[in-house]
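S.K.: Dropping in my_file.cif, with mmCIF, C-alpha atoms.
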```
data_run
#
loop_
_atom_site.label_atom_id
_atom_site.label_comp_id
_atom_site.auth_asym_id
_atom_site.auth_seq_id
_atom_site.Cartn_x
_atom_site.Cartn_y
_atom_site.Cartn_z
CA MET A 278 -45.27 12.54 -14.88
CA LYS A 279 -45.84 13.77 -18.38
CA VAL A 280 -47.30 17.26 -18.66
CA GLU A 281 -49.59 17.50 -21.69
CA ALA A 282 -50.57 20.80 -23.26
CA THR A 283 -53.48 21.33 -25.61
CA ALA A 284 -52.74 23.27 -28.78
CA TYR A 285 -55.07 26.11 -29.83
CA GLY A 286 -53.54 27.09 -33.10
CA ASP A 287 -49.95 28.00 -32.24
CA ARG A 288 -50.78 28.50 -28.56
CA LYS A 289 -49.92 25.71 -26.10
CA VAL A 290 -52.32 25.74 -23.18
CA TYR A 291 -51.90 23.78 -19.93
CA SER A 292 -54.62 22.71 -17.58
CA VAL A 293 -54.17 23.94 -13.98
CA GLY A 294 -53.41 20.40 -12.81
CA ALA A 295 -50.86 19.88 -15.56
CA PHE A 296 -49.25 23.24 -14.83
CA ASN A 297 -49.01 22.50 -11.12
CA ARG A 298 -47.61 19.05 -11.78
CA GLY A 299 -45.04 20.51 -14.16
CA VAL A 300 -43.90 23.16 -11.69
CA SER A 301 -43.95 20.63 -8.88
CA SER A 302 -41.71 18.17 -10.68
CA TRP A 303 -39.34 20.99 -11.63
CA LEU A 304 -39.20 22.16 -8.00
CA GLN A 305 -38.32 18.68 -6.87
CA ARG A 306 -35.03 19.00 -8.69
CA LEU A 307 -33.94 21.86 -6.44
CA PRO A 308 -31.51 20.96 -3.68
CA THR A 309 -32.30 20.77 0.03
CA VAL A 310 -31.37 23.94 1.94
CA TRP A 311 -31.41 25.43 5.42
CA VAL A 312 -33.76 28.40 5.91
CA GLU A 313 -33.75 30.62 8.98
CA GLY A 314 -36.87 32.39 10.22
CA GLU A 315 -39.37 32.89 13.02
CA VAL A 316 -42.16 30.42 13.54
CA THR A 317 -45.71 31.80 13.28
CA GLU A 318 -49.17 30.30 12.79
CA LEU A 319 -48.18 26.83 13.96
CA ARG A 320 -51.01 24.42 13.16
CA ARG A 321 -50.92 20.88 14.39
CA SER A 322 -53.65 18.30 14.72
CA ASP A 323 -53.56 14.61 15.56
CA ARG A 324 -55.81 14.06 12.54
CA TRP A 325 -53.32 15.54 10.09
CA ALA A 326 -50.36 13.76 8.59
CA SER A 327 -48.37 17.00 8.54
CA VAL A 328 -47.76 19.97 10.78
CA PHE A 329 -47.96 23.42 9.19
CA PHE A 330 -46.43 26.73 10.13
CA THR A 331 -45.18 29.88 8.54
CA LEU A 332 -41.59 31.03 8.63
CA LYS A 333 -41.29 34.78 8.80
CA ASP A 334 -38.23 36.79 7.98
CA PRO A 335 -37.74 39.11 10.97
CA GLN A 336 -35.98 41.71 8.78
CA ASP A 337 -38.47 42.30 6.00
CA GLY A 338 -41.51 40.27 7.02
CA SER A 339 -41.31 37.86 4.07
CA CYS A 340 -43.28 34.68 4.72
CA LEU A 341 -42.80 31.06 3.70
CA GLY A 342 -45.28 28.27 4.34
CA VAL A 343 -43.74 25.13 5.80
CA SER A 344 -45.08 21.61 6.18
CA MET A 345 -43.44 18.82 8.09
CA PRO A 346 -44.48 15.17 8.63
CA ARG A 347 -46.19 15.13 12.03
CA GLY A 348 -44.35 12.10 13.39
CA GLN A 349 -41.03 13.72 12.65
CA PHE A 350 -42.09 17.03 14.13
CA ASP A 351 -43.40 15.37 17.32
CA GLY A 352 -40.23 13.29 17.59
CA LEU A 353 -38.16 16.46 17.89
CA ARG A 354 -40.21 17.64 20.89
CA LEU A 355 -39.21 21.21 20.21
CA GLU A 356 -42.26 22.77 21.88
CA LEU A 357 -42.10 25.75 19.60
CA ALA A 358 -43.91 28.97 20.39
CA ASP A 359 -44.81 31.79 18.02
CA GLY A 360 -41.80 33.94 17.37
CA ASP A 361 -39.23 31.23 18.08
CA ARG A 362 -36.29 31.47 15.74
CA VAL A 363 -35.51 28.20 13.93
CA HIS A 364 -33.31 26.70 11.28
CA CYS A 365 -35.41 24.66 8.95
CA PHE A 366 -33.91 22.09 6.57
CA GLY A 367 -35.94 21.05 3.57
CA ARG A 368 -36.76 21.44 -0.09
CA PRO A 369 -39.22 23.69 -1.93
CA GLU A 370 -42.47 22.02 -2.83
CA LEU A 371 -45.70 22.87 -4.56
CA PHE A 372 -48.91 21.69 -2.91
CA GLU A 373 -50.49 20.76 -6.22
CA ALA A 374 -54.13 20.68 -5.16
CA ARG A 375 -53.99 24.34 -4.16
CA GLY A 376 -51.05 25.59 -6.16
CA GLU A 377 -49.43 26.69 -2.95
CA PHE A 378 -45.71 27.02 -2.75
CA ARG A 379 -44.06 26.02 0.50
CA LEU A 380 -41.04 24.43 2.14
CA ARG A 381 -41.23 20.73 2.89
CA ALA A 382 -39.25 20.48 6.13
CA LEU A 383 -37.12 17.40 6.80
CA SER A 384 -35.50 18.70 9.94
CA LEU A 385 -35.93 21.57 12.32
CA GLU A 386 -33.65 23.06 14.92
CA ARG A 387 -34.10 25.83 17.35
CA PHE A 388 -31.84 28.72 16.40
CA GLY A 389 -28.63 28.81 18.39
CA LEU A 390 -28.22 25.09 18.16
CA GLY A 391 -25.11 25.70 16.08
CA GLU A 392 -23.56 27.27 19.19
CA HIS A 393 -24.59 24.22 21.20
CA LEU A 394 -23.10 21.94 18.62
CA ALA A 395 -19.83 23.84 18.58
CA ALA A 396 -19.65 23.76 22.38
CA LEU A 397 -20.38 20.05 22.31
CA GLU A 398 -17.66 19.50 19.75
CA ARG A 399 -15.17 21.42 21.91
CA LEU A 400 -16.12 19.36 24.96
CA LYS A 401 -15.83 16.16 22.96
CA ARG A 402 -12.32 17.10 21.81
CA LYS A 403 -11.27 18.08 25.32
CA LEU A 404 -12.50 14.82 26.86
CA ALA A 405 -11.06 12.79 24.01
CA ASP A 406 -7.69 14.49 24.56
CA GLU A 407 -7.89 13.46 28.21
CA GLY A 408 -8.33 9.90 26.99
CA LEU A 409 -11.83 9.49 28.42
CA PHE A 410 -13.07 7.76 25.30
CA ALA A 411 -9.95 5.64 24.73
CA ALA A 412 -10.50 2.04 23.70
CA GLU A 413 -8.07 0.75 26.36
CA ARG A 414 -10.31 2.23 29.07
CA LYS A 415 -13.21 0.04 28.01
CA ARG A 416 -13.91 -2.77 30.41
CA PRO A 417 -15.48 -6.08 29.42
CA LEU A 418 -18.99 -6.76 30.70
CA PRO A 419 -19.40 -9.56 33.24
CA LEU A 420 -20.76 -12.72 31.66
CA LEU A 421 -23.17 -13.37 34.49
CA PRO A 422 -23.97 -10.28 36.54
CA ALA A 423 -25.52 -11.08 39.93
CA ARG A 424 -27.38 -7.79 39.80
CA ILE A 425 -27.84 -5.30 37.01
CA GLY A 426 -28.39 -1.60 37.59
CA LEU A 427 -30.66 0.27 35.21
CA VAL A 428 -30.81 4.05 35.03
CA THR A 429 -33.83 5.16 33.09
CA GLY A 430 -36.48 7.79 32.92
CA ASN A 431 -40.11 7.21 33.63
CA ASP A 432 -40.09 6.94 29.86
CA ALA A 433 -41.90 3.63 29.81
CA ALA A 434 -40.67 2.39 26.43
CA ALA A 435 -36.93 2.45 27.12
CA LYS A 436 -37.33 0.88 30.56
CA ARG A 437 -39.69 -1.79 29.30
CA ASP A 438 -37.46 -2.58 26.33
CA VAL A 439 -34.40 -3.11 28.53
CA LEU A 440 -36.26 -5.22 31.09
CA THR A 441 -38.00 -7.32 28.44
CA ALA A 442 -34.74 -7.99 26.63
CA ILE A 443 -33.02 -8.97 29.88
CA THR A 444 -35.71 -11.26 31.24
CA THR A 445 -36.37 -12.94 27.88
CA ARG A 446 -32.75 -13.91 27.48
CA PHE A 447 -32.02 -14.58 31.11
CA PRO A 448 -35.16 -15.06 33.23
CA PRO A 449 -33.36 -15.30 36.59
CA ALA A 450 -31.74 -11.86 36.19
CA ASN A 451 -31.86 -9.46 39.11
CA VAL A 452 -32.33 -5.86 38.10
CA LEU A 453 -32.25 -2.77 40.25
CA VAL A 454 -33.99 0.09 38.49
CA ALA A 455 -33.16 3.69 39.32
CA GLU A 456 -35.77 5.88 37.79
CA THR A 457 -34.63 9.42 37.33
CA TYR A 458 -35.00 12.58 35.28
CA VAL A 459 -33.66 12.06 31.81
CA GLN A 460 -34.68 15.39 30.35
CA GLY A 461 -34.36 19.02 31.28
CA PRO A 462 -31.92 20.99 33.39
CA ARG A 463 -31.94 18.56 36.34
CA ALA A 464 -31.37 15.47 34.30
CA ALA A 465 -27.55 15.38 34.21
CA GLY A 466 -27.23 15.74 37.99
CA ALA A 467 -30.02 13.24 38.56
CA VAL A 468 -28.41 10.62 36.36
CA VAL A 469 -25.05 11.13 38.10
CA GLU A 470 -26.80 10.64 41.46
CA ALA A 471 -28.61 7.54 40.24
CA LEU A 472 -25.36 6.08 38.96
CA ALA A 473 -23.69 6.65 42.32
CA ALA A 474 -26.68 5.20 44.18
CA LEU A 475 -26.59 2.02 42.08
CA CYS A 476 -22.85 1.65 42.72
CA ARG A 477 -23.50 1.96 46.46
CA GLU A 478 -26.28 -0.61 46.27
CA GLY A 479 -23.89 -3.11 44.72
CA VAL A 480 -24.56 -4.04 41.14
CA ASP A 481 -22.14 -5.61 38.64
CA VAL A 482 -22.98 -3.57 35.60
CA VAL A 483 -25.03 -0.46 34.84
CA VAL A 484 -27.25 0.25 31.86
CA VAL A 485 -28.13 3.87 31.13
CA ALA A 486 -31.14 3.86 28.83
CA ARG A 487 -33.16 6.62 27.34
CA GLY A 488 -35.38 6.55 24.28
CA GLY A 489 -35.03 8.87 21.33
CA GLY A 490 -35.70 12.57 21.57
CA SER A 491 -34.75 15.90 20.15
CA PHE A 492 -31.20 17.12 20.16
CA GLU A 493 -32.03 19.27 23.18
CA ASP A 494 -33.67 16.36 24.98
CA LEU A 495 -30.47 14.39 24.72
CA LEU A 496 -28.18 17.27 25.72
CA PRO A 497 -27.99 16.21 29.41
CA PHE A 498 -26.33 13.00 28.21
CA SER A 499 -23.51 15.09 26.80
CA ASP A 500 -23.14 17.05 30.02
CA GLU A 501 -19.53 17.07 31.19
CA ARG A 502 -20.40 15.95 34.76
CA LEU A 503 -22.45 13.05 33.47
CA VAL A 504 -19.88 12.00 30.90
CA ARG A 505 -17.11 12.09 33.53
CA ALA A 506 -19.27 10.17 36.00
CA ILE A 507 -19.78 7.42 33.44
CA ALA A 508 -16.09 7.28 32.58
CA ASP A 509 -15.15 7.21 36.27
CA CYS A 510 -17.83 4.72 37.27
CA PRO A 511 -16.12 1.76 38.98
CA LEU A 512 -18.49 -0.61 37.17
CA PRO A 513 -18.82 -1.29 33.45
CA VAL A 514 -21.48 0.94 31.91
CA VAL A 515 -23.62 0.24 28.86
CA SER A 516 -25.09 3.31 27.27
CA ALA A 517 -28.26 3.17 25.18
CA VAL A 518 -29.27 6.77 24.71
CA GLY A 519 -31.29 8.09 21.79
CA HIS A 520 -31.42 6.46 18.41
CA GLU A 521 -28.72 5.00 16.23
CA GLN A 522 -27.87 8.35 14.64
CA ASP A 523 -27.51 10.23 17.94
CA THR A 524 -24.17 10.03 19.61
CA PRO A 525 -24.38 11.79 22.94
CA LEU A 526 -20.98 11.98 24.63
CA CYS A 527 -22.06 9.50 27.32
CA ASP A 528 -22.12 6.87 24.56
CA LEU A 529 -18.44 7.51 23.92
CA ALA A 530 -17.48 7.38 27.60
CA ALA A 531 -19.43 4.20 28.32
CA ASP A 532 -17.70 0.83 28.14
CA VAL A 533 -20.18 -0.43 25.61
CA ARG A 534 -22.52 1.53 23.41
CA ALA A 535 -25.82 -0.10 22.49
CA SER A 536 -27.82 1.18 19.55
CA THR A 537 -31.15 0.69 21.34
CA PRO A 538 -32.37 -0.13 24.87
CA SER A 539 -33.26 -3.67 23.73
CA VAL A 540 -29.74 -4.25 22.46
CA ALA A 541 -28.39 -2.98 25.80
CA GLY A 542 -30.60 -5.50 27.60
CA ARG A 543 -29.32 -8.38 25.51
CA LEU A 544 -25.71 -7.29 26.01
CA VAL A 545 -25.71 -7.42 29.80
CA VAL A 546 -26.99 -10.95 30.32
CA PRO A 547 -26.02 -14.31 28.84
CA ASP A 548 -28.48 -16.55 27.05
CA LEU A 549 -29.62 -18.88 29.83
CA ALA A 550 -30.59 -21.78 27.55
CA GLN A 551 -27.23 -21.62 25.81
CA LEU A 552 -25.38 -21.36 29.09
CA LEU A 553 -27.12 -24.42 30.54
CA GLU A 554 -26.47 -26.39 27.40
CA ARG A 555 -22.79 -25.51 27.48
CA LEU A 556 -22.57 -26.43 31.15
CA ASP A 557 -24.27 -29.78 30.54
CA ARG A 558 -21.93 -30.50 27.65
CA SER A 559 -18.98 -29.79 29.91
CA ARG A 560 -20.32 -32.14 32.54
CA ALA A 561 -20.88 -34.90 30.01
CA GLY A 562 -17.31 -34.38 28.83
CA LEU A 563 -16.14 -34.59 32.42
CA GLU A 564 -17.77 -37.99 32.91
CA ARG A 565 -16.65 -39.28 29.55
CA GLY A 566 -13.09 -38.17 30.15
CA THR A 567 -12.91 -39.72 33.60
CA ARG A 568 -14.45 -42.97 32.43
CA ARG A 569 -11.90 -43.11 29.64
CA ALA A 570 -9.05 -42.74 32.12
CA LEU A 571 -10.57 -45.47 34.29
CA ASP A 572 -11.10 -47.82 31.37
CA ARG A 573 -7.53 -47.34 30.27
CA GLU A 574 -6.25 -48.20 33.73
CA ARG A 575 -8.52 -51.23 33.94
CA GLN A 576 -7.31 -52.53 30.62
CA ARG A 577 -3.72 -52.07 31.67
CA LEU A 578 -4.47 -54.00 34.87
CA ASP A 579 -6.19 -56.79 32.94
CA ARG A 580 -3.22 -57.14 30.64
CA ALA A 581 -0.87 -57.34 33.61
CA ARG A 582 -2.96 -60.05 35.26
CA GLU A 583 -3.07 -62.04 32.03
CA ARG A 584 0.70 -61.93 31.76
CA LEU A 585 1.04 -62.94 35.39
CA ARG A 586 -1.20 -65.96 34.89
CA ARG A 587 0.66 -67.15 31.85
CA ALA A 588 4.08 -66.81 33.47
CA PRO A 589 4.42 -70.31 35.17
CA ARG A 590 3.28 -72.23 32.09
CA LEU A 591 5.67 -70.25 30.04
CA LEU A 592 8.45 -71.22 32.40
CA VAL A 593 7.66 -74.95 32.15
CA GLU A 594 7.43 -74.77 28.42
CA ARG A 595 10.71 -73.04 28.18
CA ARG A 596 12.34 -75.77 30.34
CA ARG A 597 10.74 -78.52 28.33
CA ALA A 598 12.07 -77.05 25.14
CA LYS A 599 15.51 -76.87 26.64
CA LEU A 600 15.25 -80.49 27.74
CA GLU A 601 14.22 -81.61 24.26
CA GLN A 602 17.17 -79.82 22.87
CA SER A 603 19.52 -81.58 25.28
CA ALA A 604 17.97 -84.97 24.52
CA GLY A 605 18.52 -84.39 20.82
CA ARG A 606 22.10 -83.57 21.33
CA LEU A 607 22.49 -86.64 23.55
CA ARG A 608 20.99 -88.90 20.97
CA ALA A 609 23.22 -87.54 18.27
CA LEU A 610 26.23 -88.49 20.35
CA SER A 611 25.24 -92.14 21.14
CA PRO A 612 27.12 -95.02 19.28
CA LYS A 613 23.77 -96.33 18.09
CA ALA A 614 23.43 -93.36 15.76
CA THR A 615 26.91 -94.06 14.37
CA LEU A 616 26.06 -97.75 13.73
CA ASP A 617 22.84 -96.59 11.98
CA ARG A 618 25.01 -94.69 9.51
CA GLY A 619 26.81 -98.03 8.57
CA TYR A 620 29.73 -98.09 10.95
CA ALA A 621 30.57 -101.31 12.91
CA ILE A 622 32.22 -101.98 16.26
CA VAL A 623 34.87 -104.68 16.36
CA ARG A 624 35.78 -106.30 19.68
CA ALA A 625 38.51 -108.71 20.50
CA GLY A 626 37.61 -110.25 23.84
CA GLU A 627 36.47 -107.33 25.98
CA GLN A 628 38.59 -104.78 24.08
CA ILE A 629 37.30 -102.56 21.26
CA VAL A 630 39.70 -102.85 18.32
CA ARG A 631 41.02 -99.49 17.22
CA SER A 632 44.16 -100.67 15.36
CA GLY A 633 44.95 -103.59 12.98
CA ARG A 634 48.26 -104.05 14.74
CA ALA A 635 46.44 -105.10 17.91
CA LEU A 636 45.28 -108.33 16.21
CA GLU A 637 46.93 -111.58 15.19
CA PRO A 638 45.85 -113.52 12.04
CA GLY A 639 43.48 -116.31 13.03
CA GLU A 640 42.27 -114.42 16.08
CA ARG A 641 38.52 -114.42 16.69
CA VAL A 642 36.68 -111.07 16.82
CA GLU A 643 33.09 -110.08 17.48
CA VAL A 644 31.51 -107.48 15.09
CA GLU A 645 28.54 -105.46 16.27
CA LEU A 646 26.25 -103.74 13.68
CA ALA A 647 23.27 -101.45 13.93
CA GLU A 648 21.14 -104.56 13.98
CA GLY A 649 22.74 -107.76 15.38
CA GLY A 650 26.36 -108.78 14.70
CA PHE A 651 28.52 -111.70 13.83
CA GLY A 652 31.71 -113.51 14.89
CA ALA A 653 34.76 -113.59 12.51
CA ARG A 654 38.45 -114.70 12.25
CA VAL A 655 41.22 -112.37 11.23
CA GLU A 656 42.82 -113.31 7.84
CA GLU A 657 45.64 -110.84 7.91
CA THR A 658 46.61 -107.63 9.65
CA ARG A 659 47.94 -104.39 8.25
CA MET B 1 -14.42 -17.07 41.90
CA THR B 2 -16.63 -15.62 39.19
CA PHE B 3 -18.94 -17.66 37.03
CA GLU B 4 -16.67 -17.04 34.04
CA GLU B 5 -13.60 -18.27 35.88
CA ALA B 6 -15.40 -21.40 37.03
CA GLN B 7 -16.75 -22.09 33.58
CA ARG B 8 -13.36 -21.57 31.94
CA GLU B 9 -11.62 -23.87 34.43
CA LEU B 10 -14.31 -26.51 33.97
CA GLU B 11 -13.85 -26.44 30.21
CA ASP B 12 -10.07 -26.63 30.55
CA ILE B 13 -10.46 -29.69 32.76
CA VAL B 14 -12.79 -31.36 30.27
CA GLN B 15 -10.26 -30.74 27.50
CA ARG B 16 -7.47 -32.15 29.62
CA LEU B 17 -9.52 -35.26 30.43
CA GLU B 18 -10.61 -35.77 26.85
CA ARG B 19 -7.02 -35.69 25.63
CA GLY B 20 -6.71 -38.82 27.79
CA ASP B 21 -3.13 -38.32 28.87
CA ALA B 22 -3.74 -37.67 32.56
CA PRO B 23 -2.69 -40.50 34.91
CA LEU B 24 -5.59 -42.06 36.82
CA ASP B 25 -4.91 -40.34 40.11
CA GLU B 26 -4.85 -37.00 38.41
CA ALA B 27 -7.86 -37.81 36.25
CA LEU B 28 -9.89 -38.57 39.36
CA LYS B 29 -8.75 -35.36 41.00
CA LEU B 30 -9.63 -33.40 37.85
CA TRP B 31 -13.02 -35.03 37.74
CA GLU B 32 -13.73 -34.16 41.35
CA ARG B 33 -12.68 -30.57 40.74
CA GLY B 34 -14.76 -30.47 37.56
CA GLU B 35 -17.87 -31.68 39.37
CA GLU B 36 -17.29 -29.06 42.02
CA LEU B 37 -17.03 -26.34 39.36
CA TYR B 38 -20.13 -27.64 37.62
CA ARG B 39 -22.09 -27.49 40.88
CA PHE B 40 -20.80 -23.98 41.51
CA CYS B 41 -21.89 -22.75 38.06
CA LYS B 42 -25.23 -24.54 38.24
CA GLU B 43 -25.91 -23.11 41.65
CA ARG B 44 -25.15 -19.60 40.47
CA LEU B 45 -27.80 -20.04 37.79
CA ASP B 46 -30.32 -21.80 40.01
CA THR B 47 -30.14 -19.45 42.96
CA ALA B 48 -30.61 -16.24 40.96
CA GLU B 49 -34.12 -15.24 41.92
CA GLY B 50 -34.97 -13.13 38.92
CA LYS B 51 -36.37 -10.06 40.56
CA ILE B 52 -36.80 -6.50 39.49
CA GLU B 53 -36.54 -3.93 42.24
CA GLU B 54 -36.98 -0.19 42.12
CA LEU B 55 -34.39 1.96 43.77
CA ALA B 56 -36.22 4.66 45.68
CA SER B 57 -33.75 7.30 44.73
CA ARG B 58 -35.91 9.54 42.65
CA ALA B 59 -36.65 12.00 45.44
CA GLU B 60 -32.97 12.33 46.39
CA ALA B 61 -31.86 12.46 42.80
CA ALA B 62 -34.33 15.21 42.09
CA LYS B 63 -32.75 17.60 44.55
CA PRO B 64 -31.05 20.35 42.59
#
```
Rewrite the structure from the file as structure tokens, please.
M.R.:
Amino acid sequence: MKVEATAYGDRKVYSVGAFNRGVSSWLQRLPTVWVEGEVTELRRSDRWASVFFTLKDPQDGSCLGVSMPRGQFDGLRLELADGDRVHCFGRPELFEARGEFRLRALSLERFGLGEHLAALERLKRKLADEGLFAAERKRPLPLLPARIGLVTGNDAAAKRDVLTAITTRFPPANVLVAETYVQGPRAAGAVVEALAALCREGVDVVVVARGGGSFEDLLPFSDERLVRAIADCPLPVVSAVGHEQDTPLCDLAADVRASTPSVAGRLVVPDLAQLLERLDRSRAGLERGTRRALDRERQRLDRARERLRRAPRLLVERRRAKLEQSAGRLRALSPKATLDRGYAIVRAGEQIVRSGRALEPGERVEVELAEGGFGARVEETR
Amino acid sequence: MTFEEAQRELEDIVQRLERGDAPLDEALKLWERGEELYRFCKERLDTAEGKIEELASRAEAAKP
């Protein structure tokens, strides 16, 4: 926003609003930082969009006003009391309407969390070195679990989300819910117990679901006992703990990690409609395939019968053809055919004359032609 | 036999039948087996009651 000054001679004068806006926009360029201090004068109301408190330096008593969006503050569930030491992450800000300087908090952690984080990191490395998080340990989820175990808190949202997701996708699902503590010092042990109880009851897959919460809220889900119990669980485990950005160690040990309870619900059951459709398609294919095999056999049979029926006629025809051929050859050999070509048969008495020397001049011979014949006398012989 | 195994076998049989190279005797056997697998799968879906039970373990689990 442009900051306009009014000129009085050579003096540039800003209105209060313009000044505050100018300082505010300049402050916004400062980087985000972590500030450590003690919480005092915490003010929170459901009617306000922000929560306010003052950070006090325990050494020299310096104070810094802090505001934080209420939803974000509530989401952390820190339950801060006056005097609690915190690390506050944010950027400096000017509340323009009042010209008040303060820290706009984006995140807040109870002091000592760094220690927690380091311990968690050490545990994570140790368990990773043991191979607890290894990809080859991950088991596939059953396609159609007969019974699904659900470990959840009395945190209605997470439980409802899982159940809704399951029953929407697969209405006939059977779910055994083990409600347990999911927060506080007893939570880790309680979840381990619930897991064991579900295994004893006989389920095919277990979902561990817990809604979002503060870092401390989710700590039980990084508890070594709990993480080991999940890794050692004889059944596949789906973990849906916290929000997308949280990665409690149980998420790493589980066979499948779901980003939200709803996703976990959808992961553990098949889509019934799709499953039925696929099954029906298979059955149709089964009938089609069998009918095809039958049709093929029937056709082969029909062809065989056809050939069988034609066989006798074929035989007769073949004989007839052979006969015709013989008759032809016979005809070709008969003297008639020779006479037709212009030859003549000469007989003397009963004898056929084959040589001139067999005749005497003046002897009578009979000549036979293709058509008729005649009698003749021999003039001379050669 | 799990549902998955039954479904996979059923689909293998359908493929085999649709290739059309199985002799009749075998085709009929495959078909019979396929129908059996179909009934098995269908039954698994039909007999699931769809119930949500609560495990009364909270009291035990709560013990420190």
S.K.: Nearest residue to chain B out of A:Ile629, A:Leu553, A:Leu304, A:Val484, using all atoms listed in the file?
M.R.: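 Closest candidate: A:Leu553.
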S.K.: Would you compute the distance between atom CA of A:Ala541 and atom CA of A:Val504? Give it in Å to one decimal.
M.R.: 18.0 Å
S.K.: Only residues of chain B matter here; which ones have an atom within 8 Å of chain A, counting all atoms listed in the file? Give them as a VMD selection string.
M.R.: chain B and resid 3 to 4 7 10 to 11 13 to 14 17 to 20 22 to 24 27 to 28 31 34 to 35 38 41 to 42 45 to 46 48 to 58 61 to 64
S.K.: What's the 6 Å shell around stretch 346-359 of chain A, counting all atoms listed in the file, without same-chain residues fewer than 6 positions away, as a ChimeraX atom specification?
M.R.: /A:316-317,326-328,490-491
S.K.: Compile the contact shell of A:Ala625 as number ranges by chain: residues with an atom at most 10 Å away, counting only C-alpha atoms, same-chain residues fewer than 3 positions apart removed.
M.R.: A: 628-630, 635-636, 640-644
S.K.: Taking into account all atoms listed in the file, which residue in the set A:Gly376, A:Gly360, A:Gly294, A:Pro525 is nearest to A:Leu319?
M.R.: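 Ranked by minimum distance to A:Leu319, first place goes to A:Gly360.
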S.K.: Taking the file as shown, find all residues satisfying the PyMOL selection byres ((chain A and resi 536) around 8) and write them as a list in words.
M.R.: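 Listing what the PyMOL selection byres ((chain A and resi 536) around 8) selects in the shown file: Ala517, Val518, His520, Glu521, Arg534, Ala535, Thr537, Pro538, Val540 and Ala541 of chain A.
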S.K.: Could you work out how far atom CA of A:Arg362 lies from atom CA of A:Gly314, giving the answer in Å with one decimal?
M.R.: 5.6 Å
S.K.: Quick one: everything within 9 Å of A:Leu332, counting all atoms listed in the file, minus sequence neighbours fewer than 4 positions away in the same chain. Send it as a list in words.
M.R.: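 My reading of the contact set: Val312, Glu313, Gly314, Glu315, Val316, Thr317, Glu318, Ser339, Cys340, Leu341, Gly342, Val343, Arg362, Val363 and Cys365 of chain A.
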S.K.: Applying 9 Å and only C-alpha atoms, which residues near A:Glu656 remain after dropping the ones on its own chain fewer than 3 positions away? List them as a compact mmCIF listing (two decimals) with C-alpha atoms, keeping the file's coordinate frame.
M.R.:
```
# COMPACT_ATOMS: atom_id res chain seq x y z
CA GLU A 637 46.93 -111.58 15.19
CA PRO A 638 45.85 -113.52 12.04
CA GLY A 639 43.48 -116.31 13.03
CA GLU A 640 42.27 -114.42 16.08
```
S.K.: Could you work out an axis-aligned bounding box for all listed atoms of stretch 545-555 of chain A, with 5 Å added on each of the six sides, and give its centre and edge lengths in Å to one decimal, as AutoDock Vina command-line options?
M.R.:
```
--center_x -26.7 --center_y -16.9 --center_z 28.2 --size_x 17.8 --size_y 29.0 --size_z 14.7
```
S.K.: Atom CA of A:Ser301 and atom CA of A:Arg321 are how many Å apart?
M.R.: 24.3 Å
S.K.: Please evaluate the PyMOL selection byres ((chain A and resi 512) around 8) against the displayed coordinates and give the resulting residues as JSON, numbers by chain.
M.R.: {"A": [476, 481, 482, 483, 510, 511, 513, 514]}
